[in-house]
Amino acid sequence: MWSYSKIDTENLKAINELESKLGIALIAFSDEKIEYANLNEDAAKEVKDLEKKLGLSLLALKA
């Protein structure tokens, strides 16, 4: 299950500083009992291509 992370003031400041430095927005979330898939280079490219096509961000998890 995914949920937005509870972030203390010090960590929030660090995130905000990196966002400002890089000119990006970051979203912090936490997972519970989730295992990420270990993708080879070709599989990772396929996921990235689909993200671009769909305009989404995808996470690869073990089935």
# chains A, B, ... in the order shown; residues from 1 in each chain; ligands from 1
>>> residues_around(residues="Leu26 in chain A", least_positions_apart="3", cutoff="10 Å", atoms="only C-alpha atoms", output="NGL selection string")
:A and (15-16 or 18-19 or 23 or 29)
>>> residues_around(residues="range 37-40 of chain A", least_positions_apart="4", cutoff="6 Å", atoms="only C-alpha atoms", output="list in words")
Ala44, Ala60, Leu61 and Lys62 of chain A
>>> residues_around(residues="range 3-14 of chain A", least_positions_apart="6", cutoff="12 Å", atoms="only C-alpha atoms", output="list of chain:residue names")
A:Ser20, A:Lys21, A:Leu26, A:Ile27, A:Ala28, A:Phe29, A:Ser30, A:Asp31, A:Glu32
>>> atom_distance(atom1="CA of Leu59 in chain A", atom2="CA of Leu22 in chain A")
22.1 Å
>>> select_by_dssp(residues="chain A", states="helix (DSSP H, G or I)", output="PyMOL selection string")
chain A and resi 9-22+41-54
>>> select_by_dssp(residues="chain A", states="strand (DSSP E or B)", output="ChimeraX atom specification")
/A:2-4,29-31,36,61
>>> write_last_selection(atoms="N, CA and C atoms", output="PDB file, in the first residue's frame")
ATOM      1  N   TRP A   2       0.523   2.210  -0.775  1.00  0.00           N
ATOM      2  CA  TRP A   2       1.269   3.461  -0.876  1.00  0.00           C
ATOM      3  C   TRP A   2       0.538   4.539  -0.094  1.00  0.00           C
ATOM      4  N   SER A   3       1.306   5.427   0.506  1.00  0.00           N
ATOM      5  CA  SER A   3       0.735   6.595   1.172  1.00  0.00           C
ATOM      6  C   SER A   3       1.754   7.718   1.119  1.00  0.00           C
ATOM      7  N   TYR A   4       1.252   8.946   1.227  1.00  0.00           N
ATOM      8  CA  TYR A   4       2.164  10.075   1.284  1.00  0.00           C
ATOM      9  C   TYR A   4       2.961   9.978   2.575  1.00  0.00           C
ATOM     10  N   PHE A  29       6.572   9.567  -0.918  1.00  0.00           N
ATOM     11  CA  PHE A  29       5.590   8.567  -0.539  1.00  0.00           C
ATOM     12  C   PHE A  29       6.301   7.389   0.083  1.00  0.00           C
ATOM     13  N   SER A  30       5.569   6.634   0.825  1.00  0.00           N
ATOM     14  CA  SER A  30       6.126   5.471   1.519  1.00  0.00           C
ATOM     15  C   SER A  30       5.377   4.224   1.074  1.00  0.00           C
ATOM     16  N   ASP A  31       6.075   3.111   1.136  1.00  0.00           N
ATOM     17  CA  ASP A  31       5.453   1.846   0.769  1.00  0.00           C
ATOM     18  C   ASP A  31       5.528   0.884   1.943  1.00  0.00           C
ATOM     19  N   TYR A  36      10.433  -3.943  -5.269  1.00  0.00           N
ATOM     20  CA  TYR A  36      10.632  -3.380  -6.596  1.00  0.00           C
ATOM     21  C   TYR A  36      11.195  -4.434  -7.544  1.00  0.00           C
ATOM     22  N   LEU A  61       7.142  -3.212  -9.972  1.00  0.00           N
ATOM     23  CA  LEU A  61       7.107  -3.999  -8.747  1.00  0.00           C
ATOM     24  C   LEU A  61       7.115  -5.473  -9.082  1.00  0.00           C
TER      25      LEU A  61
END
>>> decode(residues="chain A", atoms="C-alpha atoms", output="CSV table (one decimal), in the first residue's frame")
chain,number,residue,atom,x,y,z
A,1,MET,CA,0.0,0.0,0.0
A,2,TRP,CA,1.3,3.5,-0.9
A,3,SER,CA,0.7,6.6,1.2
A,4,TYR,CA,2.2,10.1,1.3
A,5,SER,CA,5.1,10.2,3.7
A,6,LYS,CA,5.0,12.0,7.0
A,7,ILE,CA,8.0,14.3,6.8
A,8,ASP,CA,9.5,16.1,9.7
A,9,THR,CA,10.6,19.8,9.4
A,10,GLU,CA,14.3,19.0,8.8
A,11,ASN,CA,13.6,16.5,6.0
A,12,LEU,CA,11.0,18.8,4.4
A,13,LYS,CA,13.6,21.5,4.3
A,14,ALA,CA,16.1,19.2,2.6
A,15,ILE,CA,13.5,18.2,0.0
A,16,ASN,CA,12.5,21.9,-0.6
A,17,GLU,CA,16.2,22.9,-1.1
A,18,LEU,CA,16.7,20.1,-3.6
A,19,GLU,CA,13.5,21.1,-5.5
A,20,SER,CA,14.8,24.7,-5.7
A,21,LYS,CA,18.3,23.7,-6.7
A,22,LEU,CA,17.1,21.4,-9.5
A,23,GLY,CA,14.0,23.4,-10.5
A,24,ILE,CA,11.7,20.3,-10.0
A,25,ALA,CA,8.9,19.1,-7.8
A,26,LEU,CA,9.3,16.0,-5.7
A,27,ILE,CA,6.6,13.9,-4.2
A,28,ALA,CA,7.4,11.8,-1.1
A,29,PHE,CA,5.6,8.6,-0.5
A,30,SER,CA,6.1,5.5,1.5
A,31,ASP,CA,5.5,1.8,0.8
A,32,GLU,CA,4.7,-1.1,2.9
A,33,LYS,CA,5.8,-4.6,2.0
A,34,ILE,CA,6.4,-3.8,-1.6
A,35,GLU,CA,9.3,-5.3,-3.6
A,36,TYR,CA,10.6,-3.4,-6.6
A,37,ALA,CA,11.3,-5.3,-9.8
A,38,ASN,CA,14.9,-5.5,-11.0
A,39,LEU,CA,14.7,-4.6,-14.6
A,40,ASN,CA,17.4,-5.1,-17.2
A,41,GLU,CA,18.2,-2.2,-19.5
A,42,ASP,CA,15.8,-3.2,-22.3
A,43,ALA,CA,12.9,-3.7,-19.9
A,44,ALA,CA,13.6,-0.3,-18.3
A,45,LYS,CA,13.6,1.4,-21.7
A,46,GLU,CA,10.2,-0.2,-22.5
A,47,VAL,CA,8.8,1.1,-19.2
A,48,LYS,CA,10.2,4.6,-19.9
A,49,ASP,CA,8.9,4.6,-23.5
A,50,LEU,CA,5.4,3.7,-22.2
A,51,GLU,CA,5.6,6.4,-19.5
A,52,LYS,CA,6.4,8.9,-22.2
A,53,LYS,CA,3.6,7.7,-24.5
A,54,LEU,CA,1.0,7.7,-21.7
A,55,GLY,CA,2.2,10.8,-19.9
A,56,LEU,CA,2.4,8.9,-16.6
A,57,SER,CA,5.0,7.7,-14.1
A,58,LEU,CA,5.2,4.0,-13.6
A,59,LEU,CA,6.8,1.9,-10.8
A,60,ALA,CA,8.0,-1.6,-11.6
A,61,LEU,CA,7.1,-4.0,-8.7
A,62,LYS,CA,7.6,-7.7,-8.3
A,63,ALA,CA,4.4,-9.6,-9.2
